[in-house]
Structures are given as C-alpha cells and as structure tokens.
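Below: structure.csv (CSV, C-alpha atoms)
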```
chain,number,residue,atom,x,y,z
A,1,MET,CA,-56.2,-23.6,190.3
A,2,SER,CA,-52.5,-23.2,191.2
A,3,ASP,CA,-49.9,-23.6,188.4
A,4,HIS,CA,-48.8,-27.2,187.8
A,5,TYR,CA,-45.3,-28.6,187.8
A,6,TYR,CA,-44.6,-28.0,184.0
A,7,THR,CA,-43.6,-24.4,184.5
A,8,SER,CA,-40.2,-22.8,184.9
A,9,ARG,CA,-41.0,-21.0,188.1
A,10,PRO,CA,-43.8,-22.6,190.2
A,11,GLY,CA,-45.8,-20.0,192.2
A,12,ALA,CA,-46.8,-22.4,194.9
A,13,ALA,CA,-45.6,-21.5,198.4
A,14,HIS,CA,-42.7,-23.6,199.5
A,15,ASP,CA,-43.6,-26.6,201.7
A,16,GLU,CA,-40.6,-28.9,201.9
A,17,GLN,CA,-40.6,-32.4,203.1
A,18,GLN,CA,-38.3,-35.4,202.8
A,19,PHE,CA,-38.6,-39.2,202.7
A,20,SER,CA,-36.4,-42.2,201.9
A,21,PHE,CA,-37.1,-44.7,199.1
A,22,LEU,CA,-35.5,-48.0,198.2
A,23,LEU,CA,-34.8,-48.1,194.4
A,24,ARG,CA,-32.9,-50.9,192.7
A,25,GLY,CA,-31.4,-51.8,196.0
A,26,TYR,CA,-30.2,-48.3,196.9
A,27,GLU,CA,-31.8,-46.4,199.8
A,28,LEU,CA,-32.1,-42.8,198.6
A,29,ARG,CA,-33.3,-39.8,200.5
A,30,PHE,CA,-35.2,-37.1,198.7
A,31,TYR,CA,-36.2,-33.6,199.5
A,32,THR,CA,-39.4,-32.5,197.7
A,33,ASP,CA,-41.5,-29.3,197.7
A,34,ALA,CA,-44.8,-27.8,196.5
A,35,GLY,CA,-44.8,-27.1,192.8
A,36,VAL,CA,-43.0,-30.3,191.7
A,37,PHE,CA,-44.4,-33.5,190.3
A,38,SER,CA,-45.4,-36.2,192.7
A,39,ARG,CA,-44.0,-34.5,195.8
A,40,ASP,CA,-45.4,-36.8,198.5
A,41,ARG,CA,-43.9,-40.0,197.2
A,42,ILE,CA,-42.3,-41.3,194.1
A,43,ASP,CA,-45.1,-42.0,191.6
A,44,PHE,CA,-45.9,-45.6,190.5
A,45,GLY,CA,-44.9,-44.9,186.9
A,46,SER,CA,-41.4,-43.7,187.8
A,47,VAL,CA,-40.9,-46.6,190.1
A,48,LEU,CA,-42.0,-49.0,187.3
A,49,LEU,CA,-39.5,-47.3,184.9
A,50,ILE,CA,-36.7,-47.5,187.4
A,51,GLU,CA,-37.4,-51.2,188.0
A,52,ASN,CA,-37.2,-52.0,184.3
A,53,MET,CA,-34.6,-49.6,182.8
A,54,LYS,CA,-31.3,-51.0,181.7
A,55,VAL,CA,-28.4,-48.8,182.3
A,56,ALA,CA,-24.8,-50.0,181.7
A,57,PRO,CA,-22.0,-49.1,184.1
A,58,HIS,CA,-20.3,-46.8,181.6
A,59,ALA,CA,-23.5,-45.3,180.0
A,60,ARG,CA,-24.1,-41.7,179.1
A,61,VAL,CA,-27.6,-41.2,180.3
A,62,LEU,CA,-30.1,-38.3,179.9
A,63,ASP,CA,-33.1,-38.0,182.2
A,64,VAL,CA,-35.8,-35.8,180.6
A,65,GLY,CA,-38.2,-34.1,183.0
A,66,CYS,CA,-36.1,-35.2,186.0
A,67,GLY,CA,-38.2,-33.6,188.7
A,68,TYR,CA,-36.5,-33.9,192.1
A,69,GLY,CA,-34.4,-36.7,190.7
A,70,PRO,CA,-35.5,-40.3,191.5
A,71,ILE,CA,-35.0,-41.7,187.9
A,72,GLY,CA,-31.8,-39.9,187.1
A,73,LEU,CA,-30.2,-40.4,190.5
A,74,THR,CA,-30.9,-44.2,190.4
A,75,ALA,CA,-29.5,-44.3,186.9
A,76,ALA,CA,-26.3,-42.6,188.2
A,77,LYS,CA,-26.0,-45.3,190.8
A,78,LEU,CA,-26.3,-47.9,188.0
A,79,ALA,CA,-23.9,-46.0,185.6
A,80,ALA,CA,-21.3,-45.7,188.3
A,81,GLN,CA,-18.5,-45.2,185.7
A,82,GLY,CA,-20.7,-43.2,183.3
A,83,LYS,CA,-22.5,-39.9,183.6
A,84,VAL,CA,-26.1,-38.8,183.9
A,85,THR,CA,-27.4,-35.5,182.6
A,86,MET,CA,-30.7,-34.5,184.2
A,87,ILE,CA,-32.9,-31.8,182.7
A,88,ASP,CA,-36.2,-30.1,183.7
A,89,VAL,CA,-38.0,-26.9,182.8
A,90,ASN,CA,-39.0,-26.5,186.4
A,91,GLU,CA,-36.3,-24.5,188.3
A,92,ARG,CA,-37.5,-25.6,191.7
A,93,ALA,CA,-37.3,-29.2,190.6
A,94,VAL,CA,-33.8,-28.8,189.3
A,95,HIS,CA,-32.7,-27.1,192.6
A,96,LEU,CA,-34.1,-30.1,194.5
A,97,ALA,CA,-32.5,-32.6,192.2
A,98,ARG,CA,-29.1,-31.0,192.8
A,99,ARG,CA,-29.7,-31.0,196.5
A,100,ASN,CA,-30.7,-34.7,196.4
A,101,ALA,CA,-27.7,-35.6,194.4
A,102,GLU,CA,-25.4,-34.0,196.9
A,103,GLY,CA,-27.3,-35.4,199.9
A,104,ASN,CA,-27.0,-38.9,198.5
A,105,GLY,CA,-23.3,-38.5,197.6
A,106,ILE,CA,-23.9,-38.9,193.9
A,107,LYS,CA,-21.3,-37.0,191.9
A,108,ASN,CA,-21.6,-38.3,188.3
A,109,VAL,CA,-24.5,-36.1,187.4
A,110,ASP,CA,-25.0,-32.8,185.6
A,111,ILE,CA,-28.4,-31.2,186.4
A,112,ARG,CA,-29.7,-28.4,184.2
A,113,VAL,CA,-32.7,-26.2,183.7
A,114,SER,CA,-33.8,-27.0,180.1
A,115,ASP,CA,-36.9,-26.4,178.0
A,116,VAL,CA,-37.2,-29.9,176.4
A,117,TYR,CA,-33.7,-30.4,174.9
A,118,SER,CA,-32.6,-26.7,174.6
A,119,GLU,CA,-29.5,-27.1,176.9
A,120,VAL,CA,-28.2,-30.4,175.6
A,121,GLN,CA,-28.0,-29.7,171.9
A,122,GLY,CA,-25.0,-31.3,170.2
A,123,GLU,CA,-24.5,-33.9,173.0
A,124,THR,CA,-24.8,-37.7,172.5
A,125,PHE,CA,-26.3,-40.2,174.9
A,126,ASP,CA,-26.6,-44.0,175.1
A,127,VAL,CA,-29.8,-44.0,177.0
A,128,ILE,CA,-32.6,-41.5,177.4
A,129,LEU,CA,-35.1,-42.0,180.3
A,130,THR,CA,-38.4,-40.2,180.6
A,131,ASN,CA,-41.6,-40.1,182.5
A,132,PRO,CA,-42.9,-37.4,180.2
A,133,PRO,CA,-44.9,-34.4,181.4
A,134,ILE,CA,-48.3,-35.4,180.2
A,135,ARG,CA,-49.8,-32.1,181.4
A,136,ALA,CA,-47.6,-30.2,179.0
A,137,GLY,CA,-49.6,-31.7,176.1
A,138,LYS,CA,-49.1,-34.2,173.4
A,139,GLU,CA,-47.0,-31.9,171.2
A,140,ILE,CA,-44.3,-31.6,174.0
A,141,VAL,CA,-44.4,-35.4,174.7
A,142,HIS,CA,-44.0,-36.3,171.1
A,143,ARG,CA,-41.1,-33.7,170.7
A,144,ILE,CA,-39.4,-35.6,173.6
A,145,PHE,CA,-39.6,-38.8,171.5
A,146,THR,CA,-38.6,-37.3,168.1
A,147,GLU,CA,-35.9,-34.8,169.2
A,148,GLY,CA,-34.5,-37.3,171.6
A,149,TYR,CA,-33.8,-39.6,168.6
A,150,GLU,CA,-31.3,-37.1,167.3
A,151,LEU,CA,-29.4,-37.1,170.6
A,152,LEU,CA,-29.0,-40.8,170.8
A,153,ALA,CA,-25.9,-42.7,169.7
A,154,GLU,CA,-26.6,-45.4,167.1
A,155,GLY,CA,-28.2,-48.3,168.9
A,156,GLY,CA,-29.0,-46.1,171.8
A,157,GLU,CA,-32.3,-46.6,173.7
A,158,MET,CA,-35.1,-44.4,174.9
A,159,TRP,CA,-37.1,-45.7,177.8
A,160,VAL,CA,-40.6,-44.3,178.4
A,161,VAL,CA,-43.3,-44.8,181.0
A,162,ILE,CA,-46.8,-43.7,180.1
A,163,GLN,CA,-50.3,-44.4,181.2
A,164,LYS,CA,-52.8,-45.9,178.8
A,165,LYS,CA,-55.4,-43.3,179.6
A,166,GLN,CA,-52.9,-40.5,179.2
A,167,GLY,CA,-51.8,-41.4,175.7
A,168,ALA,CA,-49.9,-44.7,175.6
A,169,PRO,CA,-51.4,-45.8,172.3
A,170,SER,CA,-50.5,-42.5,170.5
A,171,ALA,CA,-47.1,-42.5,172.2
A,172,LEU,CA,-46.4,-46.1,171.0
A,173,LYS,CA,-47.4,-45.1,167.4
A,174,LYS,CA,-45.1,-42.0,167.5
A,175,LEU,CA,-42.2,-44.1,168.8
A,176,GLN,CA,-42.8,-46.8,166.1
A,177,GLU,CA,-42.7,-44.1,163.4
A,178,THR,CA,-39.4,-42.7,164.8
A,179,TYR,CA,-37.4,-45.7,166.0
A,180,ARG,CA,-36.0,-48.8,164.4
A,181,GLU,CA,-37.3,-51.1,167.1
A,182,VAL,CA,-39.9,-50.6,169.8
A,183,GLU,CA,-41.1,-53.0,172.5
A,184,GLU,CA,-43.4,-52.9,175.5
A,185,VAL,CA,-41.1,-54.2,178.2
A,186,ASP,CA,-43.7,-54.1,181.0
A,187,ARG,CA,-47.3,-53.2,181.8
A,188,SER,CA,-48.8,-52.7,185.2
A,189,LYS,CA,-51.8,-50.9,186.6
A,190,GLY,CA,-52.5,-49.1,183.3
A,191,TYR,CA,-48.8,-48.0,182.8
A,192,SER,CA,-46.6,-49.2,180.0
A,193,ILE,CA,-42.9,-49.2,179.7
A,194,PHE,CA,-41.6,-48.8,176.2
A,195,ARG,CA,-38.0,-49.3,175.0
A,196,ALA,CA,-37.3,-47.7,171.7
A,197,VAL,CA,-34.0,-48.5,169.9
A,198,LYS,CA,-32.4,-46.1,167.4
```
As a first step, turn the structure in this file into structure tokens.
Amino acid sequence: MSDHYYTSRPGAAHDEQQFSFLLRGYELRFYTDAGVFSRDRIDFGSVLLIENMKVAPHARVLDVGCGYGPIGLTAAKLAAQGKVTMIDVNERAVHLARRNAEGNGIKNVDIRVSDVYSEVQGETFDVILTNPPIRAGKEIVHRIFTEGYELLAEGGEMWVVIQKKQGAPSALKKLQETYREVEEVDRSKGYSIFRAVK
C-alpha cells in the first residue's frame, strides 16, 4: 500500500488535477495531487464544516490539517479583515494550498508545514477549524483538541468535523473534558460538527 496523506513527504507519483467548487457563495479553483487527502473532490465532511463554521470578518483563524486548502481559504474569504494561518504536516499539501491561495487571489493567509502545532507555538487564535487526520490515530486527533485549547483566546472556538464510525463519540468526550461548552451544531450522513468554546 502506498503511504497515506498523513506524512511529511508523500512518495506517490505526482498526478495533478484541478476543479472548481462553490463554497459559501465563493467559486474557488483548486489544484490537487496524488498523496493529499480527498484529491478528486472536496470531501463531504469538509463541505459540511465549511457550511456550518462561523468566522467573523476580523477573526484570527487556524486551519489544522489544511490539506490543499478548502477550509482555510473559505475561512479567509469570510475573515476578509482578519488572518488565517493554515498548517499541515504534508509538504505537498502545503505547496498546493499556497498555490491555491495565490490562484484565487487570497492574500490574508499564512500557510506553513507544521507537525500538529509545532510551528504556531505562542500564537493566539479566535477560531480553530479542523477536519482531523483520522488515519494519524486517536492520540494525534486528541492532541489537536487539547493543545488547540492552549492556543485559543478566551471565548475562542474550535470547530471539528468527525465521522461517527471514525471516533465521533470519543472525540466528543475529549472535547467535553477540555472545553467549557461543547455542542453538536449539525449532523449529516454519519458526520458530526462540534463547536467547542474555551
């Protein structure tokens, strides 16, 4: 089996493609490639998160596990006077996300290679968005929740999409242990959207 997307340097041969997708009223064009998550189209979970996430115009946003950029770039459109930091361990995904930001004329983004939160220590965010890398294992997913808490401003929110069969019940429990308030904002086709408030 070839390596999966949760790796710093995918070994899969390049096989680029591109498509357009309407997200929150914005028509965005994406380049994708082999070795990145959901390369053929934006996955249902990410679309559900994008449809539900609340991002204020001046928000400081962090997209964890940004892939080629659909969540973070849509957030950057919503936070037009704010800033979105996008991080991923996958160097190929980060390269694509930068290219997609440029191609869509989105400038209020900072896209970095980061192992979980290694490259954003000491920074503060109003909103953290994540479609967590389930294949990386529960330990990594739960670190995203608990370590993300430390990076949020008081009253800041973490928005998570996760599938029931891929750990939504344990994710909810971990969020409830960590955050002051947790709600399930939406549920569809086995996916849940959780909003956790610091």
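The closest residue to Lys164 in chain A, picked from A:His142, A:Arg180, A:Arg29, A:Arg187 and counting all atoms listed in the file, is A:Arg187.
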Can you pull out every residue within 8 Å of range 98-102 of chain A, counting all atoms listed in the file, but drop anything in the same chain fewer than 2 positions away, and send it as a short mmCIF file (atom, residue, chain, number, x, y, z; two decimals) with C-alpha atoms, keeping the file's coordinate frame?
```cif
data_model
loop_
_atom_site.label_atom_id
_atom_site.label_comp_id
_atom_site.auth_asym_id
_atom_site.auth_seq_id
_atom_site.Cartn_x
_atom_site.Cartn_y
_atom_site.Cartn_z
CA ARG A 29 -33.30 -39.80 200.50
CA PHE A 30 -35.20 -37.10 198.70
CA TYR A 31 -36.20 -33.60 199.50
CA TYR A 68 -36.50 -33.90 192.10
CA GLY A 69 -34.40 -36.70 190.70
CA LEU A 73 -30.20 -40.40 190.50
CA VAL A 94 -33.80 -28.80 189.30
CA HIS A 95 -32.70 -27.10 192.60
CA LEU A 96 -34.10 -30.10 194.50
CA ASN A 104 -27.00 -38.90 198.50
CA GLY A 105 -23.30 -38.50 197.60
CA ILE A 106 -23.90 -38.90 193.90
CA LYS A 107 -21.30 -37.00 191.90
CA VAL A 109 -24.50 -36.10 187.40
CA ILE A 111 -28.40 -31.20 186.40
#
```
Worksheet entry | Point-to-point distance in Å for CA of Met86 in chain A and CA of Phe19 in chain A |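 Computing the Euclidean distance for CA of Phe19 in chain A and CA of Met86 in chain A yields 20.7 Å.
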Item to complete: Could you check which of A:Ala79, A:Leu151, A:Val113, A:Leu22 is closest to Cys66 in chain A, using all atoms listed in the file?
Response: A:Val113
Worksheet entry | Computed interatomic separation between CA of Ala136 in chain A and CA of Ser20 in chain A (Å) |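 It comes out at 28.2 Å.
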Discussion item. Here is a test: counting only C-alpha atoms, which residue of A:Leu78, A:Gly167, A:Gly156, A:Gln121 is nearest to Gly137 in chain A?
Written reply: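 Result for the nearest residue to Gly137 in chain A: A:Gly167.
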